[in-house]
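Novice: Below is the file input-v4.pdb, with PDB, C-alpha atoms, pLDDT in the B column.
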MODEL        1
ATOM      1  CA  MET V   1     108.350 142.843  20.288  1.00 45.00           C
ATOM      2  CA  ALA V   2     111.945 141.970  21.183  1.00 51.00           C
ATOM      3  CA  GLU V   3     113.337 138.810  19.697  1.00 54.00           C
ATOM      4  CA  ARG V   4     114.873 136.205  21.946  1.00 49.00           C
ATOM      5  CA  PRO V   5     118.459 135.277  21.045  1.00 49.00           C
ATOM      6  CA  THR V   6     117.838 131.596  21.826  1.00 50.00           C
ATOM      7  CA  LEU V   7     114.933 129.250  22.385  1.00 51.00           C
ATOM      8  CA  VAL V   8     115.886 128.945  26.032  1.00 64.00           C
ATOM      9  CA  ASP V   9     115.288 132.011  28.157  1.00 76.00           C
ATOM     10  CA  PRO V  10     117.247 132.534  30.360  1.00 85.00           C
ATOM     11  CA  PRO V  11     120.205 131.359  28.257  1.00 86.00           C
ATOM     12  CA  MET V  12     121.688 127.998  29.196  1.00 87.00           C
ATOM     13  CA  GLU V  13     125.239 129.386  29.298  1.00 90.00           C
ATOM     14  CA  ALA V  14     124.258 131.977  31.907  1.00 91.00           C
ATOM     15  CA  LEU V  15     122.562 129.304  34.014  1.00 91.00           C
ATOM     16  CA  LEU V  16     125.610 127.048  33.835  1.00 91.00           C
ATOM     17  CA  ASP V  17     127.790 129.916  35.074  1.00 91.00           C
ATOM     18  CA  LYS V  18     125.615 130.083  38.202  1.00 90.00           C
ATOM     19  CA  VAL V  19     126.289 126.415  39.090  1.00 90.00           C
ATOM     20  CA  GLU V  20     130.003 126.056  38.361  1.00 87.00           C
ATOM     21  CA  SER V  21     129.447 124.879  34.752  1.00 87.00           C
ATOM     22  CA  SER V  22     127.900 121.572  35.800  1.00 90.00           C
ATOM     23  CA  LYS V  23     124.881 120.404  33.809  1.00 93.00           C
ATOM     24  CA  PHE V  24     124.110 117.792  36.460  1.00 94.00           C
ATOM     25  CA  THR V  25     124.111 120.413  39.213  1.00 93.00           C
ATOM     26  CA  LEU V  26     121.910 122.706  37.128  1.00 93.00           C
ATOM     27  CA  VAL V  27     119.357 119.938  36.700  1.00 93.00           C
ATOM     28  CA  ALA V  28     119.497 118.932  40.376  1.00 94.00           C
ATOM     29  CA  VAL V  29     119.176 122.491  41.714  1.00 93.00           C
ATOM     30  CA  GLY V  30     116.416 123.377  39.245  1.00 93.00           C
ATOM     31  CA  ALA V  31     114.448 120.204  39.947  1.00 94.00           C
ATOM     32  CA  ALA V  32     114.693 120.612  43.725  1.00 93.00           C
ATOM     33  CA  ARG V  33     113.421 124.195  43.548  1.00 93.00           C
ATOM     34  CA  ALA V  34     110.683 123.232  41.059  1.00 93.00           C
ATOM     35  CA  ARG V  35     109.436 120.617  43.556  1.00 92.00           C
ATOM     36  CA  GLU V  36     109.367 123.299  46.278  1.00 91.00           C
ATOM     37  CA  ILE V  37     107.345 125.595  44.004  1.00 91.00           C
ATOM     38  CA  ASN V  38     104.906 122.769  43.229  1.00 90.00           C
ATOM     39  CA  ARG V  39     104.487 122.051  46.947  1.00 88.00           C
ATOM     40  CA  TYR V  40     103.800 125.744  47.518  1.00 88.00           C
ATOM     41  CA  TRP V  41     101.125 125.867  44.794  1.00 85.00           C
ATOM     42  CA  ASN V  42      99.540 122.571  45.884  1.00 84.00           C
ATOM     43  CA  GLY V  43      99.489 123.623  49.535  1.00 77.00           C
ATOM     44  CA  LEU V  44      97.952 127.078  49.154  1.00 73.00           C
ATOM     45  CA  GLY V  45      95.268 127.621  51.752  1.00 61.00           C
ATOM     46  CA  GLN V  46      96.139 124.472  53.663  1.00 65.00           C
ATOM     47  CA  GLY V  47      98.683 125.923  56.079  1.00 61.00           C
ATOM     48  CA  GLY V  48     101.414 123.672  54.713  1.00 59.00           C
ATOM     49  CA  GLY V  49     104.181 125.222  56.764  1.00 64.00           C
ATOM     50  CA  PRO V  50     107.081 127.419  55.741  1.00 73.00           C
ATOM     51  CA  LEU V  51     106.920 127.101  51.961  1.00 76.00           C
ATOM     52  CA  THR V  52     108.651 129.755  49.855  1.00 81.00           C
ATOM     53  CA  PRO V  53     106.564 131.188  47.017  1.00 83.00           C
ATOM     54  CA  PRO V  54     108.094 131.864  43.590  1.00 85.00           C
ATOM     55  CA  GLN V  55     110.603 134.720  43.878  1.00 85.00           C
ATOM     56  CA  VAL V  56     110.200 136.102  40.342  1.00 88.00           C
ATOM     57  CA  HIS V  57     107.304 137.296  38.238  1.00 85.00           C
ATOM     58  CA  SER V  58     107.238 134.982  35.266  1.00 82.00           C
ATOM     59  CA  GLY V  59     105.217 134.639  32.116  1.00 80.00           C
ATOM     60  CA  SER V  60     105.582 130.884  32.485  1.00 81.00           C
ATOM     61  CA  ASN V  61     103.378 128.649  34.565  1.00 83.00           C
ATOM     62  CA  LYS V  62     105.964 125.847  34.585  1.00 88.00           C
ATOM     63  CA  SER V  63     107.709 125.405  37.913  1.00 90.00           C
ATOM     64  CA  LEU V  64     111.031 124.385  36.339  1.00 90.00           C
ATOM     65  CA  SER V  65     111.078 127.493  34.146  1.00 90.00           C
ATOM     66  CA  ILE V  66     110.367 129.617  37.206  1.00 91.00           C
ATOM     67  CA  ALA V  67     113.166 127.880  39.116  1.00 92.00           C
ATOM     68  CA  PHE V  68     115.625 128.613  36.286  1.00 92.00           C
ATOM     69  CA  GLU V  69     114.491 132.252  36.173  1.00 92.00           C
ATOM     70  CA  GLU V  70     115.081 132.496  39.940  1.00 92.00           C
ATOM     71  CA  LEU V  71     118.575 131.074  39.467  1.00 93.00           C
ATOM     72  CA  PHE V  72     119.293 133.471  36.599  1.00 92.00           C
ATOM     73  CA  GLU V  73     118.167 136.514  38.603  1.00 91.00           C
ATOM     74  CA  GLY V  74     120.171 135.495  41.675  1.00 91.00           C
ATOM     75  CA  LYS V  75     117.125 134.720  43.843  1.00 92.00           C
ATOM     76  CA  LEU V  76     118.162 131.062  44.010  1.00 87.00           C
ATOM     77  CA  THR V  77     121.746 130.359  44.981  1.00 85.00           C
ATOM     78  CA  PHE V  78     123.903 127.278  44.988  1.00 82.00           C
ATOM     79  CA  HIS V  79     126.826 126.382  47.237  1.00 85.00           C
ATOM     80  CA  ARG V  80     128.896 123.217  46.883  1.00 85.00           C
ATOM     81  CA  PRO V  81     130.124 122.253  50.375  1.00 88.00           C
ATOM     82  CA  ASN V  82     133.806 121.498  50.825  1.00 92.00           C
ATOM     83  CA  ALA V  83     135.199 118.489  52.715  1.00 94.00           C
ATOM     84  CA  GLU V  84     135.367 120.320  56.060  1.00 95.00           C
ATOM     85  CA  GLU V  85     131.717 121.395  55.828  1.00 95.00           C
ATOM     86  CA  LEU V  86     130.615 117.869  54.945  1.00 94.00           C
ATOM     87  CA  GLU V  87     132.547 116.438  57.890  1.00 96.00           C
ATOM     88  CA  ALA V  88     131.072 119.017  60.285  1.00 95.00           C
ATOM     89  CA  GLU V  89     127.573 118.158  59.059  1.00 95.00           C
ATOM     90  CA  ARG V  90     128.251 114.427  59.475  1.00 95.00           C
ATOM     91  CA  LEU V  91     129.482 114.963  63.028  1.00 95.00           C
ATOM     92  CA  ALA V  92     126.446 117.090  63.883  1.00 95.00           C
ATOM     93  CA  VAL V  93     124.097 114.370  62.589  1.00 95.00           C
ATOM     94  CA  GLU V  94     125.967 111.714  64.570  1.00 95.00           C
ATOM     95  CA  ALA V  95     125.813 113.826  67.755  1.00 94.00           C
ATOM     96  CA  LYS V  96     122.082 114.404  67.293  1.00 93.00           C
ATOM     97  CA  GLU V  97     121.500 110.682  66.743  1.00 92.00           C
ATOM     98  CA  GLN V  98     123.583 109.804  69.816  1.00 89.00           C
ATOM     99  CA  ALA V  99     121.594 112.303  71.917  1.00 89.00           C
ATOM    100  CA  ARG V 100     118.353 110.707  70.692  1.00 86.00           C
ATOM    101  CA  ARG V 101     119.620 107.220  71.575  1.00 82.00           C
ATOM    102  CA  ASP V 102     120.757 108.449  74.996  1.00 82.00           C
ATOM    103  CA  ALA V 103     117.339 109.991  75.639  1.00 80.00           C
ATOM    104  CA  GLU V 104     115.599 106.749  74.626  1.00 78.00           C
ATOM    105  CA  GLY V 105     117.897 104.758  76.909  1.00 73.00           C
ATOM    106  CA  LEU V 106     117.222 107.138  79.773  1.00 64.00           C
ATOM    107  CA  ASP V 107     113.474 106.825  79.204  1.00 64.00           C
ATOM    108  CA  ALA V 108     113.717 103.023  79.220  1.00 60.00           C
ATOM    109  CA  PHE V 109     115.803 103.140  82.409  1.00 59.00           C
ATOM    110  CA  SER V 110     113.262 105.478  84.054  1.00 62.00           C
ATOM    111  CA  ASP V 111     110.400 103.174  83.060  1.00 61.00           C
ATOM    112  CA  ALA V 112     112.208 100.134  84.460  1.00 59.00           C
ATOM    113  CA  PHE V 113     113.017 102.008  87.668  1.00 61.00           C
ATOM    114  CA  ARG V 114     109.372 103.018  88.162  1.00 63.00           C
ATOM    115  CA  ASP V 115     108.187  99.451  87.574  1.00 58.00           C
ATOM    116  CA  ALA V 116     110.576  98.050  90.172  1.00 57.00           C
TER
ENDMDL
END
Now that the file is in, can you turn its structure into structure tokens?

Specialist:
Amino acid sequence: MAERPTLVDPPMEALLDKVESSKFTLVAVGAARAREINRYWNGLGQGGGPLTPPQVHSGSNKSLSIAFEELFEGKLTFHRPNAEELEAERLAVEAKEQARRDAEGLDAFSDAFRDA
């Protein structure tokens, strides 16, 4: 049997390289994916919507370990948005919210018009 070079497999250094050497980002990305994996396992057979199953075959039954293995193998990717992307997303959310408010106002106007 092959010996592991460290107690952590995949190695922590390799995982940190995948997330721009940020321990905080590694924890956040891994935890978010682990929650998705848990939702997938808990929702099996219930038609829980578009849930993504684990993307690697793992000897571990721990969702966080599976998430880290996915990251290590390149099945899970990370992208830090730049300022322009964040601003575009903010504007899109504002436009969607404004459209919702406009639709609600139009509905209220239509209701008032019918009642008159």

Novice: Please compute the CA of Asn38 (chain V)-CA of Leu16 (chain V) distance, one decimal, in Å.

Specialist: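 Interatomic distance here is 23.1 Å.
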
Novice: Nearest to Glu36 (chain V): which of V:Asn61, V:Gln98, V:Thr52, V:Thr77 is it, counting only C-alpha atoms?

Specialist: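 That would be V:Thr52, the residue with the smallest distance to Glu36 (chain V).
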
Novice: Between CA of Ala67 (chain V) and CA of Gly30 (chain V), what distance in Å does the model show, to one decimal?

Specialist: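 Here the two named atoms are 5.6 Å from each other.
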
Novice: Taking every listed atom of region 71-86 of chain V and adding 4 Å to each side, what centre and edge lengths in Å (one decimal) does the axis-aligned box have, as lines of an AutoDock Vina configuration file?

Specialist:
center_x = 126.2
center_y = 127.2
center_z = 46.3
size_x = 26.2
size_y = 26.6
size_z = 27.5

Novice: Find the residue from V:Ala34, V:Tyr40, V:Pro50, V:Gly105 that sits nearest to Glu70 (chain V); use all atoms listed in the file when measuring.

Specialist: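 Closest to Glu70 (chain V) of all the choices is V:Ala34.
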
Novice: Since fewer atoms than expected are present, regenerate N, CA and C atoms for region 8-41 of chain V and write them as a PDB file, keeping the file's coordinate frame.

Specialist:
ATOM      1  N   VAL V   8     115.907 129.084  24.586  1.00 64.00           N
ATOM      2  CA  VAL V   8     115.886 128.945  26.032  1.00 64.00           C
ATOM      3  C   VAL V   8     116.097 130.319  26.651  1.00 64.00           C
ATOM      4  N   ASP V   9     115.165 130.732  27.478  1.00 76.00           N
ATOM      5  CA  ASP V   9     115.288 132.011  28.157  1.00 76.00           C
ATOM      6  C   ASP V   9     115.001 131.783  29.625  1.00 76.00           C
ATOM      7  N   PRO V  10     115.920 131.949  30.508  1.00 85.00           N
ATOM      8  CA  PRO V  10     117.247 132.534  30.360  1.00 85.00           C
ATOM      9  C   PRO V  10     118.210 131.596  29.635  1.00 85.00           C
ATOM     10  N   PRO V  11     119.264 132.164  29.038  1.00 86.00           N
ATOM     11  CA  PRO V  11     120.205 131.359  28.257  1.00 86.00           C
ATOM     12  C   PRO V  11     120.906 130.290  29.094  1.00 86.00           C
ATOM     13  N   MET V  12     121.078 129.136  28.512  1.00 87.00           N
ATOM     14  CA  MET V  12     121.688 127.998  29.196  1.00 87.00           C
ATOM     15  C   MET V  12     123.099 128.321  29.684  1.00 87.00           C
ATOM     16  N   GLU V  13     123.870 129.060  28.905  1.00 90.00           N
ATOM     17  CA  GLU V  13     125.239 129.386  29.298  1.00 90.00           C
ATOM     18  C   GLU V  13     125.261 130.208  30.579  1.00 90.00           C
ATOM     19  N   ALA V  14     124.327 131.150  30.698  1.00 91.00           N
ATOM     20  CA  ALA V  14     124.258 131.977  31.907  1.00 91.00           C
ATOM     21  C   ALA V  14     123.856 131.137  33.116  1.00 91.00           C
ATOM     22  N   LEU V  15     122.963 130.182  32.913  1.00 91.00           N
ATOM     23  CA  LEU V  15     122.562 129.304  34.014  1.00 91.00           C
ATOM     24  C   LEU V  15     123.723 128.416  34.459  1.00 91.00           C
ATOM     25  N   LEU V  16     124.469 127.899  33.502  1.00 91.00           N
ATOM     26  CA  LEU V  16     125.610 127.048  33.835  1.00 91.00           C
ATOM     27  C   LEU V  16     126.671 127.819  34.620  1.00 91.00           C
ATOM     28  N   ASP V  17     126.840 129.098  34.317  1.00 91.00           N
ATOM     29  CA  ASP V  17     127.790 129.916  35.074  1.00 91.00           C
ATOM     30  C   ASP V  17     127.390 130.027  36.540  1.00 91.00           C
ATOM     31  N   LYS V  18     126.106 129.956  36.825  1.00 90.00           N
ATOM     32  CA  LYS V  18     125.615 130.083  38.202  1.00 90.00           C
ATOM     33  C   LYS V  18     125.880 128.835  39.033  1.00 90.00           C
ATOM     34  N   VAL V  19     126.097 127.688  38.379  1.00 90.00           N
ATOM     35  CA  VAL V  19     126.289 126.415  39.090  1.00 90.00           C
ATOM     36  C   VAL V  19     127.615 125.756  38.745  1.00 90.00           C
ATOM     37  N   GLU V  20     128.650 126.565  38.587  1.00 87.00           N
ATOM     38  CA  GLU V  20     130.003 126.056  38.361  1.00 87.00           C
ATOM     39  C   GLU V  20     130.115 125.189  37.108  1.00 87.00           C
ATOM     40  N   SER V  21     129.378 125.538  36.062  1.00 87.00           N
ATOM     41  CA  SER V  21     129.447 124.879  34.752  1.00 87.00           C
ATOM     42  C   SER V  21     129.126 123.390  34.785  1.00 87.00           C
ATOM     43  N   SER V  22     128.270 122.976  35.702  1.00 90.00           N
ATOM     44  CA  SER V  22     127.900 121.572  35.800  1.00 90.00           C
ATOM     45  C   SER V  22     126.441 121.387  35.370  1.00 90.00           C
ATOM     46  N   LYS V  23     126.244 120.664  34.276  1.00 93.00           N
ATOM     47  CA  LYS V  23     124.881 120.404  33.809  1.00 93.00           C
ATOM     48  C   LYS V  23     124.101 119.578  34.821  1.00 93.00           C
ATOM     49  N   PHE V  24     124.768 118.624  35.452  1.00 94.00           N
ATOM     50  CA  PHE V  24     124.110 117.792  36.460  1.00 94.00           C
ATOM     51  C   PHE V  24     123.626 118.646  37.625  1.00 94.00           C
ATOM     52  N   THR V  25     124.484 119.542  38.095  1.00 93.00           N
ATOM     53  CA  THR V  25     124.111 120.413  39.213  1.00 93.00           C
ATOM     54  C   THR V  25     122.970 121.334  38.812  1.00 93.00           C
ATOM     55  N   LEU V  26     122.996 121.848  37.602  1.00 93.00           N
ATOM     56  CA  LEU V  26     121.910 122.706  37.128  1.00 93.00           C
ATOM     57  C   LEU V  26     120.582 121.962  37.166  1.00 93.00           C
ATOM     58  N   VAL V  27     120.582 120.742  36.698  1.00 93.00           N
ATOM     59  CA  VAL V  27     119.357 119.938  36.700  1.00 93.00           C
ATOM     60  C   VAL V  27     118.911 119.648  38.131  1.00 93.00           C
ATOM     61  N   ALA V  28     119.846 119.273  38.995  1.00 94.00           N
ATOM     62  CA  ALA V  28     119.497 118.932  40.376  1.00 94.00           C
ATOM     63  C   ALA V  28     118.953 120.144  41.137  1.00 94.00           C
ATOM     64  N   VAL V  29     119.620 121.281  41.012  1.00 93.00           N
ATOM     65  CA  VAL V  29     119.176 122.491  41.714  1.00 93.00           C
ATOM     66  C   VAL V  29     117.830 122.949  41.180  1.00 93.00           C
ATOM     67  N   GLY V  30     117.687 122.963  39.849  1.00 93.00           N
ATOM     68  CA  GLY V  30     116.416 123.377  39.245  1.00 93.00           C
ATOM     69  C   GLY V  30     115.266 122.460  39.623  1.00 93.00           C
ATOM     70  N   ALA V  31     115.502 121.164  39.610  1.00 94.00           N
ATOM     71  CA  ALA V  31     114.448 120.204  39.947  1.00 94.00           C
ATOM     72  C   ALA V  31     114.038 120.313  41.415  1.00 94.00           C
ATOM     73  N   ALA V  32     115.011 120.485  42.298  1.00 93.00           N
ATOM     74  CA  ALA V  32     114.693 120.612  43.725  1.00 93.00           C
ATOM     75  C   ALA V  32     113.834 121.850  43.966  1.00 93.00           C
ATOM     76  N   ARG V  33     114.205 122.968  43.356  1.00 93.00           N
ATOM     77  CA  ARG V  33     113.421 124.195  43.548  1.00 93.00           C
ATOM     78  C   ARG V  33     112.055 124.069  42.887  1.00 93.00           C
ATOM     79  N   ALA V  34     111.975 123.419  41.733  1.00 93.00           N
ATOM     80  CA  ALA V  34     110.683 123.232  41.059  1.00 93.00           C
ATOM     81  C   ALA V  34     109.741 122.410  41.945  1.00 93.00           C
ATOM     82  N   ARG V  35     110.265 121.396  42.632  1.00 92.00           N
ATOM     83  CA  ARG V  35     109.436 120.617  43.556  1.00 92.00           C
ATOM     84  C   ARG V  35     108.936 121.484  44.705  1.00 92.00           C
ATOM     85  N   GLU V  36     109.793 122.387  45.214  1.00 91.00           N
ATOM     86  CA  GLU V  36     109.367 123.299  46.278  1.00 91.00           C
ATOM     87  C   GLU V  36     108.242 124.214  45.787  1.00 91.00           C
ATOM     88  N   ILE V  37     108.373 124.719  44.569  1.00 91.00           N
ATOM     89  CA  ILE V  37     107.345 125.595  44.004  1.00 91.00           C
ATOM     90  C   ILE V  37     106.041 124.825  43.841  1.00 91.00           C
ATOM     91  N   ASN V  38     106.116 123.591  43.363  1.00 90.00           N
ATOM     92  CA  ASN V  38     104.906 122.769  43.229  1.00 90.00           C
ATOM     93  C   ASN V  38     104.248 122.527  44.579  1.00 90.00           C
ATOM     94  N   ARG V  39     105.054 122.234  45.606  1.00 88.00           N
ATOM     95  CA  ARG V  39     104.487 122.051  46.947  1.00 88.00           C
ATOM     96  C   ARG V  39     103.812 123.325  47.429  1.00 88.00           C
ATOM     97  N   TYR V  40     104.405 124.477  47.125  1.00 88.00           N
ATOM     98  CA  TYR V  40     103.800 125.744  47.518  1.00 88.00           C
ATOM     99  C   TYR V  40     102.438 125.903  46.845  1.00 88.00           C
ATOM    100  N   TRP V  41     102.389 125.697  45.523  1.00 85.00           N
ATOM    101  CA  TRP V  41     101.125 125.867  44.794  1.00 85.00           C
ATOM    102  C   TRP V  41     100.083 124.849  45.246  1.00 85.00           C
TER     103      TRP V  41
END
